[in-house]
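Enquirer: This one is coords-v2.txt, compact mmCIF, C-alpha atoms and all ligand atoms.
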```txt
# COMPACT_ATOMS: atom_id res chain seq x y z
CA MET R 1102 -31.17 68.29 47.84
CA THR R 1103 -30.06 71.85 47.19
CA PRO R 1104 -32.23 74.20 45.09
CA ALA R 1105 -29.51 74.19 42.43
CA GLU R 1106 -29.62 70.39 42.28
CA PHE R 1107 -33.39 70.42 42.03
CA ASP R 1108 -33.27 72.96 39.20
CA PHE R 1109 -30.72 70.90 37.35
CA ILE R 1110 -32.67 67.66 37.57
CA ALA R 1111 -35.99 69.36 36.75
CA GLN R 1112 -34.44 70.94 33.66
CA TYR R 1113 -32.80 67.66 32.74
CA LEU R 1114 -36.05 65.71 32.89
CA LYS R 1115 -37.99 68.33 30.98
CA GLN R 1116 -35.48 68.22 28.19
CA LYS R 1117 -35.27 64.42 28.02
CA SER R 1118 -38.90 63.39 28.46
CA GLY R 1119 -41.01 66.55 28.69
CA LEU R 1120 -41.80 65.94 32.35
CA VAL R 1121 -42.54 69.13 34.24
CA LEU R 1122 -41.47 68.75 37.85
CA THR R 1123 -42.67 71.40 40.25
CA PRO R 1124 -40.85 71.94 43.58
CA ASP R 1125 -43.72 70.34 45.54
CA LYS R 1126 -42.86 67.05 43.78
CA GLN R 1127 -39.38 66.86 45.23
CA TYR R 1128 -40.42 63.85 47.31
CA LEU R 1129 -40.87 61.97 44.01
CA LEU R 1130 -37.23 62.55 43.19
CA ASP R 1131 -36.20 61.14 46.53
CA SER R 1132 -38.42 58.08 46.40
CA ARG R 1133 -37.82 57.17 42.77
CA LEU R 1134 -34.18 58.12 42.25
CA THR R 1135 -32.68 56.80 45.48
CA PRO R 1136 -33.08 53.20 44.18
CA VAL R 1137 -31.48 54.28 40.89
CA ALA R 1138 -28.49 55.77 42.72
CA ARG R 1139 -28.13 52.54 44.66
CA ARG R 1140 -28.32 50.47 41.50
CA PHE R 1141 -25.29 52.33 40.11
CA ASN R 1142 -23.40 52.14 43.41
CA LEU R 1143 -23.71 55.84 44.08
CA PRO R 1144 -24.08 56.94 47.71
CA ASP R 1145 -26.87 59.52 47.24
CA LEU R 1146 -28.78 61.78 44.87
CA THR R 1147 -26.03 64.39 44.93
CA ALA R 1148 -23.66 61.81 43.48
CA LEU R 1149 -26.28 60.72 40.95
CA ILE R 1150 -26.82 64.30 39.81
CA LEU R 1151 -23.06 64.80 39.51
CA LYS R 1152 -22.96 61.73 37.28
CA LEU R 1153 -25.73 63.17 35.06
CA ARG R 1154 -23.97 66.55 34.91
CA SER R 1155 -20.74 64.98 33.73
CA GLY R 1156 -22.77 63.31 30.96
CA GLY R 1157 -21.70 60.45 28.77
CA ASP R 1158 -23.35 57.63 30.70
CA GLU R 1159 -26.44 56.73 28.69
CA THR R 1160 -27.54 53.88 30.96
CA VAL R 1161 -27.66 56.15 34.02
CA SER R 1162 -29.48 58.84 32.08
CA LYS R 1163 -32.04 56.37 30.74
CA ALA R 1164 -32.58 54.83 34.16
CA VAL R 1165 -33.20 58.26 35.71
CA VAL R 1166 -35.62 59.36 33.00
CA GLU R 1167 -37.55 56.07 33.04
CA ALA R 1168 -37.73 55.99 36.83
CA MET R 1169 -39.47 59.36 36.79
CA THR R 1170 -42.23 58.32 34.39
CA THR R 1171 -45.61 57.30 35.74
CA ASN R 1172 -46.56 54.05 34.06
CA GLU R 1173 -49.88 53.24 35.63
CA SER R 1174 -52.37 51.81 33.20
CA PHE R 1175 -55.25 49.40 33.20
CA PHE R 1176 -57.44 47.50 30.80
CA PHE R 1177 -60.36 49.47 29.35
CA ARG R 1178 -59.28 52.47 31.41
CA ASP R 1179 -62.15 54.94 31.83
CA LYS R 1180 -64.36 52.61 29.77
CA THR R 1181 -65.90 55.27 27.47
CA PRO R 1182 -62.87 55.70 25.16
CA PHE R 1183 -63.26 52.01 24.35
CA GLU R 1184 -67.04 52.02 24.10
CA GLN R 1185 -66.75 54.99 21.75
CA PHE R 1186 -64.19 53.08 19.72
CA GLU R 1187 -66.55 50.16 19.31
CA ARG R 1188 -69.77 52.10 18.82
CA MET R 1189 -68.70 55.22 16.96
CA MET R 1190 -65.15 55.32 15.61
CA LEU R 1191 -64.90 51.75 14.35
CA PRO R 1192 -68.22 51.71 12.44
CA ALA R 1193 -67.46 55.11 10.87
CA LEU R 1194 -63.98 54.06 9.82
CA MET R 1195 -65.12 50.67 8.53
CA LYS R 1196 -67.57 52.45 6.32
CA ALA R 1197 -65.01 54.97 5.11
CA ARG R 1198 -62.35 52.28 4.48
CA ALA R 1199 -64.64 49.59 3.06
CA GLY R 1200 -62.51 49.61 -0.12
CA GLN R 1201 -59.01 49.17 1.37
CA LYS R 1202 -60.16 47.21 4.43
CA ARG R 1203 -57.15 48.53 6.33
CA LEU R 1204 -56.96 50.37 9.63
CA ARG R 1205 -54.02 51.68 11.59
CA ILE R 1206 -54.13 52.55 15.25
CA TRP R 1207 -51.37 54.14 17.33
CA CYS R 1208 -51.15 54.05 21.11
CA ALA R 1209 -48.59 56.77 21.66
CA ALA R 1210 -47.98 56.13 25.36
CA ALA R 1211 -48.65 52.41 25.49
CA SER R 1212 -46.95 51.76 28.83
CA THR R 1213 -47.39 48.12 29.89
CA GLY R 1214 -49.78 47.34 27.02
CA GLN R 1215 -53.24 47.41 28.58
CA GLU R 1216 -54.51 50.11 26.21
CA PRO R 1217 -53.45 48.53 22.89
CA TYR R 1218 -54.51 45.09 24.11
CA SER R 1219 -57.94 46.40 25.09
CA LEU R 1220 -58.35 47.62 21.51
CA ALA R 1221 -57.01 44.33 20.13
CA MET R 1222 -59.56 42.39 22.20
CA ILE R 1223 -62.41 44.52 20.87
CA LEU R 1224 -61.21 43.99 17.30
CA LYS R 1225 -60.83 40.26 17.86
CA ASP R 1226 -64.36 39.98 19.25
CA LYS R 1227 -65.65 41.84 16.19
CA ALA R 1228 -63.89 39.26 14.01
CA LEU R 1229 -62.45 41.95 11.76
CA SER R 1230 -59.59 39.91 10.38
CA ALA R 1231 -61.99 37.07 9.59
CA GLN R 1232 -63.84 39.56 7.38
CA GLY R 1233 -60.67 40.36 5.47
CA TRP R 1234 -59.63 43.46 7.38
CA ALA R 1235 -55.99 44.20 8.15
CA VAL R 1236 -55.70 46.15 11.35
CA GLU R 1237 -52.35 47.32 12.65
CA ILE R 1238 -51.92 48.46 16.23
CA VAL R 1239 -48.66 50.19 17.04
CA GLY R 1240 -47.72 50.82 20.66
CA THR R 1241 -44.89 53.20 21.48
CA ASP R 1242 -43.48 54.50 24.74
CA LEU R 1243 -40.41 56.30 25.97
CA SER R 1244 -39.60 53.56 28.45
CA THR R 1245 -38.13 50.30 27.17
CA GLU R 1246 -38.81 48.75 30.56
CA VAL R 1247 -42.59 49.06 30.24
CA LEU R 1248 -42.46 47.98 26.60
CA ALA R 1249 -40.65 44.81 27.63
CA ARG R 1250 -43.53 44.08 30.01
CA ALA R 1251 -46.08 44.88 27.30
CA THR R 1252 -44.33 42.53 24.90
CA ASP R 1253 -44.27 39.83 27.54
CA GLY R 1254 -48.01 40.22 28.08
CA LEU R 1255 -47.94 38.79 31.60
CA TYR R 1256 -50.15 40.48 34.20
CA SER R 1257 -50.71 40.04 37.91
CA GLN R 1258 -54.03 38.98 39.37
CA PHE R 1259 -54.46 42.54 40.58
CA GLU R 1260 -53.87 44.01 37.09
CA VAL R 1261 -56.40 41.73 35.37
CA GLN R 1262 -59.07 42.72 37.88
CA ARG R 1263 -59.01 46.43 37.19
CA GLY R 1264 -61.33 47.14 34.29
CA LEU R 1265 -61.16 43.81 32.50
CA PRO R 1266 -64.55 42.08 32.37
CA ILE R 1267 -64.31 38.47 33.52
CA GLN R 1268 -65.52 37.14 30.14
CA MET R 1269 -62.59 38.94 28.48
CA LEU R 1270 -60.18 37.34 30.94
CA VAL R 1271 -61.55 33.89 30.22
CA LYS R 1272 -61.49 34.43 26.48
CA HIS R 1273 -58.17 36.19 25.97
CA PHE R 1274 -55.83 35.10 28.77
CA GLU R 1275 -54.16 31.97 30.01
CA LYS R 1276 -53.26 31.37 33.60
CA GLU R 1277 -49.57 31.01 34.31
CA GLY R 1278 -48.81 30.32 37.96
CA GLU R 1279 -50.43 33.16 39.85
CA GLN R 1280 -50.33 35.43 36.81
CA TRP R 1281 -52.24 35.76 33.56
CA ARG R 1282 -50.74 35.84 30.09
CA ILE R 1283 -52.49 37.41 27.14
CA LYS R 1284 -53.08 34.90 24.33
CA PRO R 1285 -50.78 34.95 21.29
CA ASP R 1286 -53.42 36.21 18.83
CA ILE R 1287 -53.99 39.35 20.92
CA ARG R 1288 -50.30 39.66 21.73
CA ASN R 1289 -49.36 39.48 18.05
CA ALA R 1290 -51.94 42.07 17.04
CA VAL R 1291 -49.78 44.81 18.60
CA LYS R 1292 -46.32 45.94 17.48
CA TYR R 1293 -44.24 47.77 20.06
CA ARG R 1294 -41.32 50.09 19.69
CA GLN R 1295 -39.55 52.73 21.70
CA ALA R 1296 -40.26 56.33 20.75
CA ASN R 1297 -39.98 59.66 22.55
CA LEU R 1298 -42.91 61.97 21.80
CA LEU R 1299 -40.58 64.97 22.05
CA GLU R 1300 -38.58 63.75 19.08
CA PRO R 1301 -39.64 63.74 15.41
CA PHE R 1302 -42.07 60.89 14.67
CA ARG R 1303 -40.03 58.53 12.52
CA GLY R 1304 -41.16 55.44 10.68
CA HIS R 1305 -44.90 56.05 10.99
CA LEU R 1306 -47.55 55.74 8.31
CA THR R 1307 -50.86 57.56 8.47
CA TYR R 1308 -53.12 56.51 11.33
CA ASP R 1309 -56.89 56.27 11.53
CA VAL R 1310 -56.97 56.49 15.32
CA ILE R 1311 -54.39 57.83 17.73
CA TYR R 1312 -54.70 57.10 21.44
CA CYS R 1313 -52.52 59.53 23.36
CA ARG R 1314 -53.82 59.21 26.88
CA ASN R 1315 -52.50 60.23 30.25
CA VAL R 1316 -49.14 61.42 29.03
CA LEU R 1317 -49.65 65.03 27.89
CA ILE R 1318 -50.71 65.94 31.43
CA TYR R 1319 -47.05 65.70 32.45
CA PHE R 1320 -45.84 68.21 29.84
CA ASP R 1321 -45.89 72.01 29.55
CA GLN R 1322 -48.11 73.90 27.09
CA PRO R 1323 -45.56 74.33 24.25
CA ALA R 1324 -44.68 70.62 24.36
CA LYS R 1325 -48.36 69.61 24.31
CA LYS R 1326 -49.06 71.93 21.38
CA ASP R 1327 -46.06 70.70 19.42
CA ILE R 1328 -46.92 67.01 19.95
CA LEU R 1329 -50.59 67.50 19.08
CA GLU R 1330 -49.78 69.40 15.89
CA ARG R 1331 -47.26 66.82 14.75
CA MET R 1332 -49.83 64.10 15.50
CA ALA R 1333 -52.37 65.96 13.37
CA LYS R 1334 -50.05 65.44 10.42
CA LEU R 1335 -49.98 61.69 10.98
CA LEU R 1336 -53.73 61.36 11.36
CA ALA R 1337 -56.04 60.65 8.42
CA HIS R 1338 -58.35 63.57 7.59
CA ASP R 1339 -61.32 61.61 8.95
CA GLY R 1340 -59.40 59.95 11.80
CA TYR R 1341 -59.78 60.33 15.55
CA LEU R 1342 -57.53 61.45 18.37
CA VAL R 1343 -58.31 60.11 21.84
CA LEU R 1344 -56.97 61.91 24.91
CA GLY R 1345 -57.09 61.07 28.62
CA ALA R 1346 -59.86 62.19 30.96
CA ALA R 1347 -57.82 65.16 32.24
CA GLU R 1348 -56.52 66.26 28.84
CA THR R 1349 -57.84 68.48 26.06
CA VAL R 1350 -56.78 70.28 22.87
CA ILE R 1351 -58.71 73.39 23.83
CA GLY R 1352 -56.46 76.39 24.32
CA LEU R 1353 -53.53 74.49 22.81
CA THR R 1354 -54.17 74.04 19.12
CA THR R 1355 -56.89 74.58 16.53
CA ALA R 1356 -55.76 71.52 14.59
CA PHE R 1357 -58.31 69.42 16.47
CA ALA R 1358 -61.84 70.00 17.68
CA PRO R 1359 -63.89 67.89 20.09
CA VAL R 1360 -66.26 65.39 18.52
CA GLU R 1361 -69.69 66.33 19.71
CA GLY R 1362 -71.19 63.99 22.28
CA ALA R 1363 -67.99 61.98 22.61
CA ARG R 1364 -65.92 63.11 25.55
CA GLY R 1365 -62.16 62.91 25.09
CA ILE R 1366 -62.39 62.30 21.35
CA TYR R 1367 -61.17 64.83 18.79
CA ALA R 1368 -61.30 65.18 15.02
CA LYS R 1369 -58.99 67.10 12.72
CA THR R 1370 -60.09 70.54 11.62
CA ALA R 1371 -59.48 72.44 8.39
CA ALA R 1372 -56.80 74.41 10.24
CA ALA R 1373 -54.72 71.22 10.56
CA SER R 1374 -53.89 71.23 6.86
CA SER R 1375 -52.18 74.60 7.05
CA LEU R 1376 -49.74 73.57 9.78
CA GLN R 1377 -46.17 74.31 8.81
CA ALA R 1378 -44.21 72.32 11.36
CA ALA R 1379 -42.36 69.11 10.52
CA ILE R 1380 -43.56 65.74 11.81
CA MET M 1395 -79.77 52.87 48.12
CA LYS M 1396 -78.71 49.59 46.53
CA HIS M 1397 -78.75 46.49 48.63
CA CYS M 1398 -75.88 43.99 48.65
CA LEU M 1399 -75.78 40.63 50.36
CA ILE M 1400 -72.32 39.44 51.42
CA VAL M 1401 -72.07 35.67 51.62
CA ASP M 1402 -68.87 34.39 53.21
CA ASP M 1403 -68.09 32.05 56.08
CA SER M 1404 -65.26 34.27 57.27
CA ARG M 1405 -66.37 37.03 59.59
CA VAL M 1406 -63.21 38.98 58.79
CA ILE M 1407 -63.92 38.96 55.06
CA ARG M 1408 -67.55 39.97 55.63
CA LYS M 1409 -66.37 42.85 57.77
CA VAL M 1410 -63.80 44.07 55.24
CA ALA M 1411 -66.24 43.82 52.33
CA ARG M 1412 -68.96 45.53 54.35
CA ARG M 1413 -66.73 48.45 55.20
CA ILE M 1414 -65.77 48.99 51.55
CA LEU M 1415 -69.28 48.56 50.19
CA GLU M 1416 -70.84 50.83 52.80
CA GLU M 1417 -68.37 53.50 51.69
CA LEU M 1418 -69.69 52.95 48.17
CA ALA M 1419 -73.19 53.61 49.55
CA PHE M 1420 -74.58 50.08 49.63
CA GLU M 1421 -76.97 48.79 52.23
CA ILE M 1422 -75.48 45.53 53.47
CA GLY M 1423 -76.84 42.19 54.51
CA GLU M 1424 -74.71 39.20 55.57
CA ALA M 1425 -75.00 35.44 55.41
CA GLU M 1426 -72.38 32.90 56.41
CA ASP M 1427 -73.18 30.11 54.00
CA GLY M 1428 -75.23 29.36 50.89
CA ALA M 1429 -78.22 27.91 52.76
CA LEU M 1430 -78.56 31.01 54.94
CA ALA M 1431 -78.11 33.19 51.86
CA LEU M 1432 -80.97 31.40 50.15
CA ASP M 1433 -83.18 32.01 53.21
CA TYR M 1434 -82.17 35.65 53.15
CA CYS M 1435 -83.08 36.00 49.47
CA ARG M 1436 -86.49 34.45 50.09
CA GLN M 1437 -87.15 37.25 52.60
CA GLN M 1438 -85.79 40.11 50.53
CA MET M 1439 -84.04 39.84 47.18
CA PRO M 1440 -80.88 42.00 47.12
CA ASP M 1441 -79.63 43.95 44.08
CA ALA M 1442 -76.18 42.43 44.35
CA ILE M 1443 -74.60 39.36 45.94
CA LEU M 1444 -70.91 39.07 46.77
CA LEU M 1445 -70.43 35.34 46.94
CA ASP M 1446 -67.68 33.15 48.39
CA TRP M 1447 -67.16 29.69 46.92
CA ASN M 1448 -66.06 27.35 49.70
CA MET M 1449 -68.49 27.40 52.62
CA PRO M 1450 -70.05 24.73 54.84
CA ASN M 1451 -73.66 23.47 54.33
CA MET M 1452 -74.12 24.93 50.85
CA ASN M 1453 -71.24 26.31 48.80
CA GLY M 1454 -71.36 29.35 46.54
CA LEU M 1455 -71.88 27.48 43.30
CA GLU M 1456 -74.72 25.39 44.74
CA PHE M 1457 -76.31 28.55 46.08
CA LEU M 1458 -76.03 30.31 42.72
CA ARG M 1459 -77.58 27.38 40.85
CA ALA M 1460 -80.43 27.28 43.35
CA LEU M 1461 -80.92 31.05 43.15
CA ARG M 1462 -80.96 31.19 39.35
CA GLY M 1463 -83.13 28.08 39.27
CA GLY M 1464 -85.86 29.79 41.28
CA GLY M 1465 -85.01 28.26 44.66
CA ALA M 1466 -85.48 31.62 46.36
CA GLY M 1467 -88.47 32.71 44.33
CA SER M 1468 -89.07 34.09 40.88
CA GLU M 1469 -86.85 37.11 41.44
CA GLY M 1470 -83.71 34.94 41.47
CA GLU M 1471 -82.62 36.03 37.99
CA ARG M 1472 -82.39 39.65 39.02
CA PRO M 1473 -79.46 40.11 41.43
CA VAL M 1474 -76.03 40.80 40.05
CA VAL M 1475 -73.85 38.02 41.41
CA LEU M 1476 -70.13 38.55 41.89
CA PHE M 1477 -68.11 35.59 43.02
CA CYS M 1478 -65.39 36.50 45.47
CA THR M 1479 -63.12 33.58 46.16
CA THR M 1480 -59.59 32.22 46.42
CA GLU M 1481 -60.46 29.76 43.64
CA ASN M 1482 -58.69 31.45 40.77
CA ASP M 1483 -58.34 28.95 37.95
CA LEU M 1484 -60.15 28.99 34.61
CA ASP M 1485 -62.23 25.90 35.40
CA HIS M 1486 -63.77 27.51 38.45
CA ILE M 1487 -64.33 30.82 36.69
CA THR M 1488 -65.97 29.14 33.72
CA ALA M 1489 -68.23 27.04 35.94
CA ALA M 1490 -69.29 30.18 37.81
CA ILE M 1491 -70.14 32.05 34.61
CA GLU M 1492 -72.07 29.07 33.28
CA ALA M 1493 -74.08 28.94 36.51
CA GLY M 1494 -75.04 32.59 36.02
CA ALA M 1495 -72.38 34.67 37.76
CA ASN M 1496 -72.01 38.20 36.38
CA GLU M 1497 -68.51 38.86 37.59
CA TYR M 1498 -65.70 37.10 39.36
CA ILE M 1499 -63.30 38.49 41.94
CA MET M 1500 -60.17 36.61 42.86
CA LYS M 1501 -59.09 37.05 46.46
CA PRO M 1502 -57.29 38.91 47.86
CA PHE M 1503 -59.34 41.94 46.88
CA ASP M 1504 -59.19 45.59 47.86
CA LYS M 1505 -61.38 48.64 47.48
CA GLU M 1506 -60.09 49.35 44.00
CA ILE M 1507 -60.97 45.90 42.71
CA LEU M 1508 -64.43 45.87 44.31
CA GLU M 1509 -65.11 49.31 42.92
CA ALA M 1510 -63.92 48.28 39.44
CA LYS M 1511 -66.02 45.11 39.43
CA PHE M 1512 -69.13 46.82 40.79
CA THR M 1513 -68.73 49.50 38.12
CA GLU M 1514 -68.20 46.82 35.48
CA THR M 1515 -71.56 45.25 36.27
CA GLY M 1516 -73.41 48.57 36.33
CA LEU M 1517 -73.96 48.59 40.09
CA LEU M 1518 -72.05 51.86 40.47
C1 LIG R 1601 -49.70 56.93 32.78
S1 LIG R 1601 -48.99 56.06 31.41
C2 LIG R 1601 -50.34 56.04 30.28
C3 LIG R 1601 -50.65 54.66 29.78
C4 LIG R 1601 -51.93 54.54 28.94
N1 LIG R 1601 -51.91 55.42 27.80
C5 LIG R 1601 -53.15 54.82 29.80
O1 LIG R 1601 -53.79 55.84 29.64
O2 LIG R 1601 -53.48 53.98 30.65
C6 LIG R 1601 -47.87 57.28 30.73
C7 LIG R 1601 -46.79 56.70 29.84
O3 LIG R 1601 -46.18 57.76 29.09
C8 LIG R 1601 -44.82 57.44 28.89
N2 LIG R 1601 -44.08 58.66 28.55
C9 LIG R 1601 -43.71 59.66 29.37
N3 LIG R 1601 -43.02 60.60 28.70
C10 LIG R 1601 -42.97 60.19 27.40
C11 LIG R 1601 -42.40 60.72 26.22
N4 LIG R 1601 -41.73 61.89 26.22
N5 LIG R 1601 -42.54 60.04 25.08
C12 LIG R 1601 -43.22 58.85 25.06
N6 LIG R 1601 -43.78 58.30 26.13
C13 LIG R 1601 -43.65 58.96 27.30
C14 LIG R 1601 -44.41 56.81 30.20
O4 LIG R 1601 -43.27 55.99 30.04
C15 LIG R 1601 -45.65 56.03 30.59
O5 LIG R 1601 -45.56 54.68 30.22
```
What does the file become when written as structure tokens?

Expert:
Amino acid sequence: MTPAEFDFIAQYLKQKSGLVLTPDKQYLLDSRLTPVARRFNLPDLTALILKLRSGGDETVSKAVVEAMTTNESFFFRDKTPFEQFERMMLPALMKARAGQKRLRIWCAAASTGQEPYSLAMILKDKALSAQGWAVEIVGTDLSTEVLARATDGLYSQFEVQRGLPIQMLVKHFEKEGEQWRIKPDIRNAVKYRQANLLEPFRGHLTYDVIYCRNVLIYFDQPAKKDILERMAKLLAHDGYLVLGAAETVIGLTTAFAPVEGARGIYAKTAAASSLQAAI
Amino acid sequence: MKHCLIVDDSRVIRKVARRILEELAFEIGEAEDGALALDYCRQQMPDAILLDWNMPNMNGLEFLRALRGGGAGSEGERPVVLFCTTENDLDHITAAIEAGANEYIMKPFDKEILEAKFTETGLL
């Protein structure tokens, strides 16, 4: 691949999905886009890039952008963001919303569904709906391919053994051949739709908790700042933002501040209300 | 250093599990069936037991019932027991949990799965 081709594709991806691709990651282009080229009967990456340059073919563009996303996820990933949900966020919000008995949660990079389903399993075990609570979990992702898998709710034996306690497997999954399918009550607790974080957030109501984990790491500073500040506008004044283990708001925006004693969890600050930007 | 007993009739599996668990800083003991595992536990009760299901003489479930029932002494409630077996249907898993298993690993396993399950049960 020529430097000019690399620059084009790096710029292309940054604009479409926010992904920042440094030159040392060129091997990723080769390994992930060669199968895409083949799928569209193109001889090599040069031909694929030419196709992107000429524009107009949405399916090729979408396939390229989705192939370059990292979709790895697992149930109860990093554990603490889910323990904190159960022990700290949920009790505080249930107290604050005791009147409406309504909670809304957004997983903003839901990938193959493990994160929203982990939350749905916690809520199910707490029997919230039995106590008259209406909890909505919305899962969005750029990639329709991962969302189709999330919607399907079918996981390999390997996937259900990373982070999912065995009691949870027994309680919330059914075996299907060599795979495991999440039960309908958990499946139906989550609504999925495609959404690009770089674009205006459309069709959202106010959320009480936003999980935005392991996606901002791929973006540059201005994109992170912009997304965080638009999220601040969609978050209830006493809501929580949960980021991934390698992510922070510090140095990016004053709209959020870390919640003391709860790593990776952020609350809105007074500064958030003076933000001018659109959602 | 935590002490883990690997119970499996396959020498290959014991070797693979040992290599991974030693990397995770466990001290390892081995037994090739449930009866030998019970003897082992009478001598020194491990912190964790990685337990196969199908083995000659005494299978994993029989061993676990004996262990939790005091067949290897009063300390038998203490070890964290993780089944590690090719039996991967709900009936087997449920029976194992009812007999007192703490976790359940479906073979084939790798380092990532062992690490996740050992973390899950507080051993790491
Ligand atoms: C590593 S996964 C994170 C999954 C889950 N949140 C977790 O922490 O396990 C990152 C996800 O972000 C999605 N993604 C990447 N760029 C995006 C964008 N611009 N808008 C929305 N989602 C995006 C990818 O498709 C991928 O599924």

Enquirer: Give the residue list for ligand LIG 1601 (chain R) at 9 Å, counting all atoms listed in the file, as a VMD selection string, sorted by chain and then by residue number.

Expert: chain R and resid 1115 1117 to 1120 1166 to 1179 1208 to 1217 1241 to 1248 1295 to 1300 1312 to 1317 1319 to 1320 1344 to 1346

Enquirer: Residues of chain M no more than 6 Å from chain R, counting all atoms listed in the file: send them over as a list in words.

Expert: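 Taken together, these residues fit the definition: Glu1497, Ile1507 and Ala1510 of chain M.
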
Enquirer: Between atom CA of R:Val1239 and atom CA of R:Lys1292, measure the distance and give it in Å to one decimal.

Expert: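 Answer for the atom CA of R:Val1239 to atom CA of R:Lys1292 separation: 4.9 Å.
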
Enquirer: For the atom pair atom CA of R:Ser1230 and atom CA of R:Phe1183, what is the interatomic distance in Å to one decimal place?

Expert: 18.8 Å

Enquirer: Which residues, written as number ranges by chain, have at least one atom at most 7 Å from stretch 1401-1410 of chain M, with all atoms listed in the file counted and residues fewer than 6 positions away on the same chain left out?

Expert: M: 1424-1427, 1431, 1444-1446, 1449

Enquirer: For each of R:Leu1220, R:Met1102, R:Leu1335, R:Leu1342, take the minimum atom-to-atom distance to R:Pro1359, counting only C-alpha atoms, then give the residue where this is smallest.

Expert: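 Nearest candidate to R:Pro1359 out of R:Leu1220, R:Met1102, R:Leu1335, R:Leu1342: R:Leu1342.
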
Enquirer: Tell me, in Å to one decimal, how far atom CA of R:Ile1311 is from atom CA of R:Thr1355.

Expert: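 Value for the atom CA of R:Ile1311-atom CA of R:Thr1355 distance: 17.0 Å.
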
Enquirer: Hey, what's within 12 Å of M:Gly1516 if we count all atoms listed in the file and toss same-chain stuff fewer than 2 positions away? As a ChimeraX atom specification, please?

Expert: /R:1180,1266 /M:1396,1441-1442,1473-1476,1496-1497,1509-1514,1518

Enquirer: Which residues, protein or nucleic acid, reach to within 7 Å of (-60.6, 47.9, 50.6) in the file's coordinates when using all atoms listed in the file, and can you give that as a PyMOL selection string?

Expert: chain M and resi 1410+1414+1504-1506

Enquirer: Nearest to M:Gly1470: which of M:Tyr1498, M:Pro1440, M:Phe1420, M:Ala1429 is it, counting all atoms listed in the file?

Expert: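 For M:Gly1470, the nearest of the candidates is M:Pro1440.
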
Enquirer: Give the answer as one residue: which of M:Glu1471, M:Ala1493, M:Asp1433, M:Ile1499 has the shortest atom-to-atom distance to M:Met1452, using only C-alpha atoms?

Expert: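 Nearest candidate to M:Met1452 out of M:Glu1471, M:Ala1493, M:Asp1433, M:Ile1499: M:Asp1433.
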
Enquirer: Can you find the residues with an atom no farther than 6 Å from (-73.7, 44.2, 52.7), counting only C-alpha atoms, and report them as a list of chain:residue names?

Expert: M:Cys1398, M:Leu1399, M:Ile1400, M:Arg1412, M:Glu1421, M:Ile1422, M:Gly1423, M:Glu1424

Enquirer: Edge lengths and centre, in Å to one decimal, as AutoDock Vina command-line options: that's what I need for the box along x, y and z that holds all listed atoms of stretch 1435-1450 of chain M plus 3 Å on each side.

Expert:
```
--center_x -76.6 --center_y 34.3 --center_z 49.5 --size_x 27.1 --size_y 25.2 --size_z 16.8
```

Enquirer: Name the closest residue to M:Thr1480 among the candidates M:Leu1455, M:Met1500, M:Leu1432, M:Met1439; distances are taken between atoms, counting all atoms listed in the file.

Expert: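 Looking at the shortest contact to M:Thr1480, the residue is M:Met1500.
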
Enquirer: Return the single residue from M:Arg1413, M:Arg1459, M:Arg1436, M:His1397 that is closest to M:Ala1489, with distances computed using only C-alpha atoms.

Expert: M:Arg1459

Enquirer: Identify, on the basis of all atoms listed in the file, every residue whose closest approach to R:Ile1351 does not exceed 12 Å; exclude the query and any residue fewer than 2 positions from it along the same chain; express the result as a list in words.

Expert: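 With the cut-off at 12 Å, the set is Gln1322, Lys1325, Lys1326, Leu1329, Leu1344, Ala1347, Glu1348, Thr1349, Leu1353, Thr1354, Thr1355, Ala1356, Phe1357, Ala1358, Pro1359, Gly1365, Ile1366 and Tyr1367 of chain R.
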